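Shown next: entry01.cif, given as mmCIF, C-alpha atoms.
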```cif
data_structure
loop_
_atom_site.label_atom_id
_atom_site.label_comp_id
_atom_site.auth_asym_id
_atom_site.auth_seq_id
_atom_site.Cartn_x
_atom_site.Cartn_y
_atom_site.Cartn_z
CA MET A 1046 -9.61 -0.83 13.37
CA ALA A 1047 -9.59 -4.44 12.29
CA ASN A 1048 -12.86 -5.89 11.05
CA GLN A 1049 -13.05 -8.83 13.47
CA ARG A 1050 -16.69 -9.51 12.51
CA LYS A 1051 -15.59 -10.74 9.08
CA THR A 1052 -12.56 -12.70 10.11
CA GLY A 1053 -13.21 -14.50 13.36
CA ALA A 1054 -11.77 -14.30 16.84
CA ARG A 1055 -8.26 -13.27 17.77
CA GLY A 1056 -7.61 -16.81 18.99
CA ASP A 1057 -8.16 -18.10 15.47
CA LEU A 1058 -5.64 -15.59 14.16
CA GLY A 1059 -3.12 -16.75 16.75
CA ARG A 1060 -3.67 -20.35 15.65
CA ILE A 1061 -3.05 -19.44 12.02
CA ALA A 1062 0.07 -17.48 12.93
CA ALA A 1063 1.47 -20.55 14.69
CA ALA A 1064 0.83 -22.81 11.69
CA ASN A 1065 2.28 -22.98 8.19
CA SER A 1066 1.00 -19.53 7.33
CA VAL A 1067 1.72 -16.15 5.77
CA ALA A 1068 0.38 -12.66 6.44
CA VAL A 1069 -0.17 -10.69 3.22
CA ILE A 1070 -0.65 -6.95 3.69
CA GLY A 1071 -2.07 -5.20 0.64
CA LEU A 1072 -4.47 -7.13 -1.57
CA GLY A 1073 -4.22 -5.39 -4.91
CA ARG A 1074 -3.46 -7.36 -8.07
CA PHE A 1075 -0.11 -8.65 -6.82
CA GLY A 1076 -1.13 -9.29 -3.21
CA ARG A 1077 -4.39 -10.94 -4.22
CA ALA A 1078 -2.68 -13.27 -6.71
CA LEU A 1079 -0.02 -14.14 -4.14
CA ALA A 1080 -2.53 -14.82 -1.37
CA LEU A 1081 -4.76 -17.01 -3.56
CA GLU A 1082 -1.77 -18.99 -4.86
CA LEU A 1083 -0.59 -19.60 -1.30
CA MET A 1084 -4.06 -20.83 -0.36
CA ALA A 1085 -4.11 -23.14 -3.40
CA SER A 1086 -0.81 -24.67 -2.24
CA GLY A 1087 -2.21 -25.41 1.23
CA THR A 1088 -0.76 -22.41 3.10
CA GLU A 1089 -3.05 -20.52 5.47
CA VAL A 1090 -3.21 -16.79 4.76
CA LEU A 1091 -4.17 -13.73 6.76
CA GLY A 1092 -4.97 -10.99 4.25
CA ILE A 1093 -5.08 -7.32 5.27
CA ASP A 1094 -6.24 -4.35 3.21
CA THR A 1095 -7.79 -0.93 3.80
CA ASP A 1096 -10.33 -1.31 0.97
CA GLU A 1097 -13.64 -2.78 2.14
CA ASP A 1098 -14.65 -3.88 -1.37
CA ILE A 1099 -11.43 -5.86 -1.76
CA VAL A 1100 -11.87 -7.46 1.65
CA GLN A 1101 -15.47 -8.40 0.85
CA SER A 1102 -14.46 -9.92 -2.50
CA LEU A 1103 -11.92 -12.20 -0.80
CA ASN A 1104 -14.12 -13.18 2.13
CA GLY A 1105 -14.23 -16.98 2.20
CA GLN A 1106 -11.27 -17.34 -0.18
CA LEU A 1107 -8.54 -16.73 2.43
CA SER A 1108 -8.20 -18.22 5.91
CA HIS A 1109 -8.93 -14.75 7.30
CA VAL A 1110 -9.26 -11.41 5.52
CA VAL A 1111 -9.39 -8.15 7.44
CA MET A 1112 -10.05 -4.50 6.69
CA ALA A 1113 -7.42 -2.70 8.74
CA ASP A 1114 -4.82 0.08 8.74
CA SER A 1115 -1.44 -1.67 8.75
CA THR A 1116 0.42 1.55 9.66
CA LYS A 1117 -0.91 1.34 13.24
CA GLU A 1118 1.03 -0.88 15.63
CA GLU A 1119 -1.95 -1.63 17.87
CA VAL A 1120 -3.92 -2.94 14.89
CA LEU A 1121 -1.11 -5.27 13.82
CA ARG A 1122 -0.84 -6.58 17.37
CA GLN A 1123 -4.62 -7.15 17.58
CA LEU A 1124 -4.34 -9.27 14.43
CA SER A 1125 -1.44 -11.33 15.87
CA VAL A 1126 0.80 -10.19 13.00
CA PRO A 1127 3.92 -10.18 15.25
CA GLU A 1128 3.41 -13.94 15.69
CA PHE A 1129 3.77 -14.64 11.95
CA GLU A 1130 7.21 -15.82 10.83
CA ARG A 1131 6.53 -14.93 7.18
CA ILE A 1132 5.00 -11.61 6.17
CA VAL A 1133 4.60 -9.97 2.77
CA VAL A 1134 4.00 -6.23 2.36
CA ALA A 1135 2.33 -6.08 -1.05
CA ILE A 1136 1.22 -2.44 -0.81
CA GLY A 1137 1.93 -0.72 -4.12
CA SER A 1138 -0.34 2.30 -4.50
CA ASP A 1139 0.72 4.06 -1.28
CA VAL A 1140 4.51 4.20 -0.89
CA GLN A 1141 4.28 5.95 2.48
CA ALA A 1142 2.02 3.23 3.87
CA SER A 1143 4.39 0.58 2.51
CA ILE A 1144 7.38 2.16 4.25
CA LEU A 1145 5.55 2.77 7.55
CA THR A 1146 4.16 -0.76 7.59
CA SER A 1147 7.54 -2.31 6.80
CA SER A 1148 9.21 -0.26 9.52
CA LEU A 1149 6.64 -1.41 12.09
CA LEU A 1150 6.96 -5.02 11.05
CA LEU A 1151 10.74 -4.92 11.36
CA SER A 1152 10.32 -3.90 15.00
CA PHE A 1153 8.60 -7.29 15.52
CA HIS A 1154 11.72 -9.06 14.16
CA PRO A 1155 9.97 -11.47 11.76
CA GLN A 1156 12.05 -14.36 10.45
CA HIS A 1157 11.17 -13.49 6.85
CA LEU A 1158 9.81 -10.20 5.54
CA TRP A 1159 9.13 -9.52 1.86
CA ALA A 1160 8.12 -6.09 0.57
CA LYS A 1161 7.01 -5.01 -2.88
CA ALA A 1162 8.80 -1.99 -4.36
CA VAL A 1163 7.26 0.10 -7.13
CA SER A 1164 10.47 1.97 -7.98
CA ASP A 1165 14.21 1.78 -7.43
CA ALA A 1166 14.00 4.63 -4.89
CA HIS A 1167 11.23 2.83 -3.00
CA GLY A 1168 13.31 -0.34 -3.02
CA ARG A 1169 16.40 1.44 -1.69
CA ILE A 1170 14.44 2.82 1.25
CA LEU A 1171 13.06 -0.64 2.07
CA GLU A 1172 16.56 -2.12 1.90
CA GLN A 1173 17.92 0.66 4.13
CA LEU A 1174 15.21 -0.11 6.66
CA GLY A 1175 16.43 -3.70 6.76
CA VAL A 1176 13.80 -5.57 4.73
CA GLN A 1177 15.38 -8.93 3.86
CA HIS A 1178 13.57 -9.51 0.57
CA VAL A 1179 12.68 -6.53 -1.65
CA ILE A 1180 10.79 -7.56 -4.79
CA TYR A 1181 9.99 -5.66 -7.97
CA PRO A 1182 7.12 -7.61 -9.62
CA GLU A 1183 6.52 -5.26 -12.56
CA LYS A 1184 10.22 -4.70 -13.25
CA GLU A 1185 11.05 -8.41 -13.04
CA MET A 1186 8.11 -9.38 -15.25
CA GLY A 1187 9.14 -6.77 -17.82
CA LYS A 1188 12.67 -8.19 -17.96
CA ARG A 1189 11.31 -11.72 -18.25
CA VAL A 1190 8.97 -10.86 -21.13
CA ALA A 1191 11.77 -8.97 -22.89
CA HIS A 1192 13.92 -12.10 -22.87
CA LEU A 1193 11.04 -14.20 -24.16
CA VAL A 1194 10.28 -11.76 -26.97
CA ARG A 1195 13.92 -11.47 -27.99
CA GLY A 1196 14.78 -15.18 -28.06
CA SER A 1197 13.33 -18.59 -28.84
CA MET A 1198 12.52 -19.35 -25.21
CA GLN A 1199 9.22 -20.75 -23.99
CA ASP A 1200 9.91 -19.55 -20.45
CA TYR A 1201 12.65 -17.76 -18.56
CA LEU A 1202 13.59 -17.47 -14.89
CA GLU A 1203 16.48 -15.33 -13.65
CA ILE A 1204 18.14 -16.74 -10.54
CA GLY A 1205 20.34 -14.29 -8.70
CA ASP A 1206 22.74 -12.07 -10.60
CA ASP A 1207 23.30 -12.99 -14.25
CA PHE A 1208 22.17 -16.62 -14.02
CA ALA A 1209 19.03 -18.03 -15.59
CA LEU A 1210 16.95 -21.12 -16.24
CA VAL A 1211 15.56 -21.22 -19.78
CA LYS A 1212 12.83 -23.48 -21.16
CA THR A 1213 13.29 -24.06 -24.89
CA LYS A 1214 13.46 -26.66 -27.66
CA PRO A 1215 16.81 -28.17 -28.66
CA GLY A 1216 18.43 -26.99 -31.87
CA ALA A 1217 18.88 -29.51 -34.68
CA ALA A 1218 22.59 -29.95 -33.86
CA PHE A 1219 21.71 -31.31 -30.41
CA VAL A 1220 19.20 -33.94 -31.52
CA GLY A 1221 20.03 -37.61 -31.94
CA SER A 1222 23.32 -37.87 -30.02
CA PRO A 1223 24.02 -38.46 -26.31
CA LEU A 1224 24.50 -35.19 -24.42
CA GLY A 1225 27.84 -36.41 -23.12
CA GLN A 1226 29.19 -36.42 -26.68
CA LEU A 1227 27.98 -32.94 -27.62
CA GLY A 1228 30.25 -30.82 -25.40
CA ILE A 1229 27.50 -28.30 -24.72
CA ARG A 1230 28.93 -27.02 -21.46
CA SER A 1231 32.47 -26.57 -22.78
CA THR A 1232 31.33 -25.02 -26.07
CA TYR A 1233 28.35 -22.89 -25.04
CA GLY A 1234 28.86 -22.44 -21.29
CA VAL A 1235 25.43 -23.84 -20.33
CA THR A 1236 24.05 -27.11 -18.99
CA VAL A 1237 20.96 -28.99 -20.17
CA THR A 1238 19.53 -30.00 -16.79
CA ALA A 1239 16.17 -31.59 -17.61
CA VAL A 1240 14.05 -32.80 -20.52
CA LYS A 1241 10.33 -33.24 -21.11
CA ARG A 1242 9.31 -35.58 -23.91
CA PRO A 1243 5.84 -35.35 -25.52
CA GLY A 1244 3.25 -36.85 -23.18
CA GLU A 1245 5.79 -37.47 -20.40
CA ARG A 1246 6.94 -35.75 -17.22
CA TRP A 1247 10.11 -33.77 -16.71
CA THR A 1248 13.20 -35.92 -16.01
CA TYR A 1249 16.81 -35.05 -15.21
CA THR A 1250 19.28 -35.45 -18.04
CA THR A 1251 22.43 -37.59 -17.94
CA ALA A 1252 25.41 -37.95 -20.24
CA GLU A 1253 23.48 -40.74 -21.98
CA THR A 1254 20.33 -38.69 -22.63
CA VAL A 1255 19.48 -38.36 -26.33
CA LEU A 1256 17.23 -35.43 -27.22
CA GLY A 1257 14.45 -35.54 -29.80
CA SER A 1258 13.25 -32.69 -32.01
CA GLN A 1259 9.93 -32.47 -30.15
CA ASP A 1260 11.46 -32.47 -26.68
CA VAL A 1261 11.47 -29.42 -24.40
CA ILE A 1262 14.58 -28.80 -22.31
CA LEU A 1263 15.67 -26.73 -19.33
CA VAL A 1264 18.98 -24.95 -19.81
CA ALA A 1265 20.95 -23.38 -16.94
CA GLY A 1266 23.74 -20.86 -17.29
CA GLU A 1267 24.74 -17.21 -17.45
CA THR A 1268 21.78 -15.22 -18.74
CA ARG A 1269 23.48 -14.11 -21.96
CA LYS A 1270 24.78 -17.59 -22.77
CA ALA A 1271 21.50 -19.35 -21.95
CA GLU A 1272 19.61 -16.91 -24.19
CA ALA A 1273 22.12 -17.36 -27.01
CA PHE A 1274 21.89 -21.16 -26.74
CA SER A 1275 18.07 -21.00 -27.02
CA GLN A 1276 18.42 -19.21 -30.36
CA LEU A 1277 20.53 -21.96 -31.95
CA ARG A 1278 18.41 -23.73 -34.56
#
```
Will you turn the file into structure tokens for me?
Amino acid sequence: MANQRKTGARGDLGRIAAANSVAVIGLGRFGRALALELMASGTEVLGIDTDEDIVQSLNGQLSHVVMADSTKEEVLRQLSVPEFERIVVAIGSDVQASILTSSLLLSFHPQHLWAKAVSDAHGRILEQLGVQHVIYPEKEMGKRVAHLVRGSMQDYLEIGDDFALVKTKPGAAFVGSPLGQLGIRSTYGVTVTAVKRPGERWTYTTAETVLGSQDVILVAGETRKAEAFSQLR
């Protein structure tokens, strides 16, 4: 059953559910990091986990944190979980619990449901259940690091299928002339979308923008082309 002694009254949970809030179920490394980042950005969080030590360690750091079995419908209802519009199932160590929890949550028809998958097979089951957003944190991080190791990128973010944003420094051929004269999009198939000069904030680029050798740029384009552009020196 839910540990109401640690988390406050059900009315408080209902208030959080009605606000700008997220329920995070599973508070391992991924779920904990997610919940704390949401709190840091001003979002109220209901955290749920079966491990008492984890719950105790997060007491006072989340809006409410509860020791509870998320595979039981009556427990989820007691915690007002059906009232949340945004729910994340971050359970990774117990695939069966992840699937059962996701199936229960889908019966509540949440507006947005995210679920962590630890394997392709796990992900396929979640997708077949109808989970709108299936995420693969370890797989996605591995791909991201691989791109960083292989190229000259400072950061890398894949957006959808075969499209990426790359943070890198401009090659020597792209320094000192307005971007509009360089033909980067027609030649390399990418777009320099923003620039950060030393000691300044990020700004959008224009055709008149002239890059310096110490600038950092954001490049958008097909993953292969953006990576290749970042290697030009």
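Between atom CA of Val1134 of chain A and atom CA of Ile1093 of chain A lies a distance of 9.6 Å.
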Report as JSON lines: every residue of segment 1173-1253 of chain A with an atom at most 12 Å from segment 1075-1084 of chain A, its closest pair of atoms, and their distance in Å to one decimal, counting all atoms listed in the file, with rows sorted by chain and ascending residue number.
```
{"residue": "A:Ile1180", "atom": "CA", "partner": "A:Phe1075", "partner_atom": "CA", "distance": 11.1}
{"residue": "A:Tyr1181", "atom": "CA", "partner": "A:Phe1075", "partner_atom": "CA", "distance": 10.6}
{"residue": "A:Pro1182", "atom": "CA", "partner": "A:Phe1075", "partner_atom": "CA", "distance": 7.8}
{"residue": "A:Glu1183", "atom": "CA", "partner": "A:Phe1075", "partner_atom": "CA", "distance": 9.4}
{"residue": "A:Met1186", "atom": "CA", "partner": "A:Phe1075", "partner_atom": "CA", "distance": 11.8}
```
Write the residues you've just listed into a file as a compact mmCIF listing (two decimals), keeping the file's coordinate frame, and include C-alpha atoms for each of them.
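The new file selection_15.txt reads:
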```
# COMPACT_ATOMS: atom_id res chain seq x y z
CA ILE A 1180 10.79 -7.56 -4.79
CA TYR A 1181 9.99 -5.66 -7.97
CA PRO A 1182 7.12 -7.61 -9.62
CA GLU A 1183 6.52 -5.26 -12.56
CA MET A 1186 8.11 -9.38 -15.25
```
Name the residues that the PyMOL selection byres ((chain A and resi 1191-1208) around 12) picks from the file above, as a VMD selection string, using the file's chain letters and numbers.
-> chain A and resid 1184 to 1190 1209 to 1216 1234 to 1236 1261 to 1278
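Compared by their closest atoms to Gln1259 of chain A, and using only C-alpha atoms, the residues A:Arg1122, A:Arg1242, A:Arg1074, A:Arg1131 rank with A:Arg1242 nearest.
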Could you spell out the hits of the PyMOL selection byres ((chain A and resi 1255) around 9) on the shown file, as a ChimeraX atom specification?
-> /A:1219-1224,1250-1254,1256-1257
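Computed from the coordinates, the atom CA of Ala1217 of chain A to atom CA of Pro1243 of chain A distance equals 17.0 Å.
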Leaving out Gly1137 of chain A and any residue of its chain fewer than 6 positions from it, which residues lie within 8 Å of it when counting only C-alpha atoms, given as a ChimeraX atom specification?
-> /A:1071,1073,1143,1161-1163
Test item: residues at most 9 Å from segment 1096-1098 of chain A, all atoms listed in the file, excluding those fewer than 2 positions along its chain, as a PDB file with C-alpha atoms, in the frame of the given file:
```pdb
ATOM      1  CA  LEU A1072      -4.470  -7.130  -1.570  1.00  0.00           C
ATOM      2  CA  ASP A1094      -6.240  -4.350   3.210  1.00  0.00           C
ATOM      3  CA  VAL A1100     -11.870  -7.460   1.650  1.00  0.00           C
ATOM      4  CA  GLN A1101     -15.470  -8.400   0.850  1.00  0.00           C
ATOM      5  CA  SER A1102     -14.460  -9.920  -2.500  1.00  0.00           C
ATOM      6  CA  LEU A1103     -11.920 -12.200  -0.800  1.00  0.00           C
ATOM      7  CA  VAL A1111      -9.390  -8.150   7.440  1.00  0.00           C
ATOM      8  CA  MET A1112     -10.050  -4.500   6.690  1.00  0.00           C
ATOM      9  CA  ALA A1113      -7.420  -2.700   8.740  1.00  0.00           C
TER      10      ALA A1113
END
```
Selection result for the PyMOL selection byres ((chain A and resi 1140) around 12) on this file, as a VMD selection string = chain A and resid 1071 1116 1134 to 1139 1141 to 1147 1160 to 1168 1170 to 1171
Hey, can you check how far atom CA of Val1120 of chain A sits from atom CA of Val1133 of chain A?
-> 16.4 Å
Rank nothing, just name the residue among A:Val1069, A:Asp1114, A:Phe1153, A:Val1179 nearest to Gly1092 of chain A, using only C-alpha atoms.
-> A:Val1069
Can you work out which one of A:Ile1132, A:His1157, A:Ile1070, A:Thr1088 has the shortest atom-to-atom distance to Ser1115 of chain A, counting only C-alpha atoms?
->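 Ranking A:Ile1132, A:His1157, A:Ile1070, A:Thr1088 by distance to Ser1115 of chain A, first place goes to A:Ile1070.
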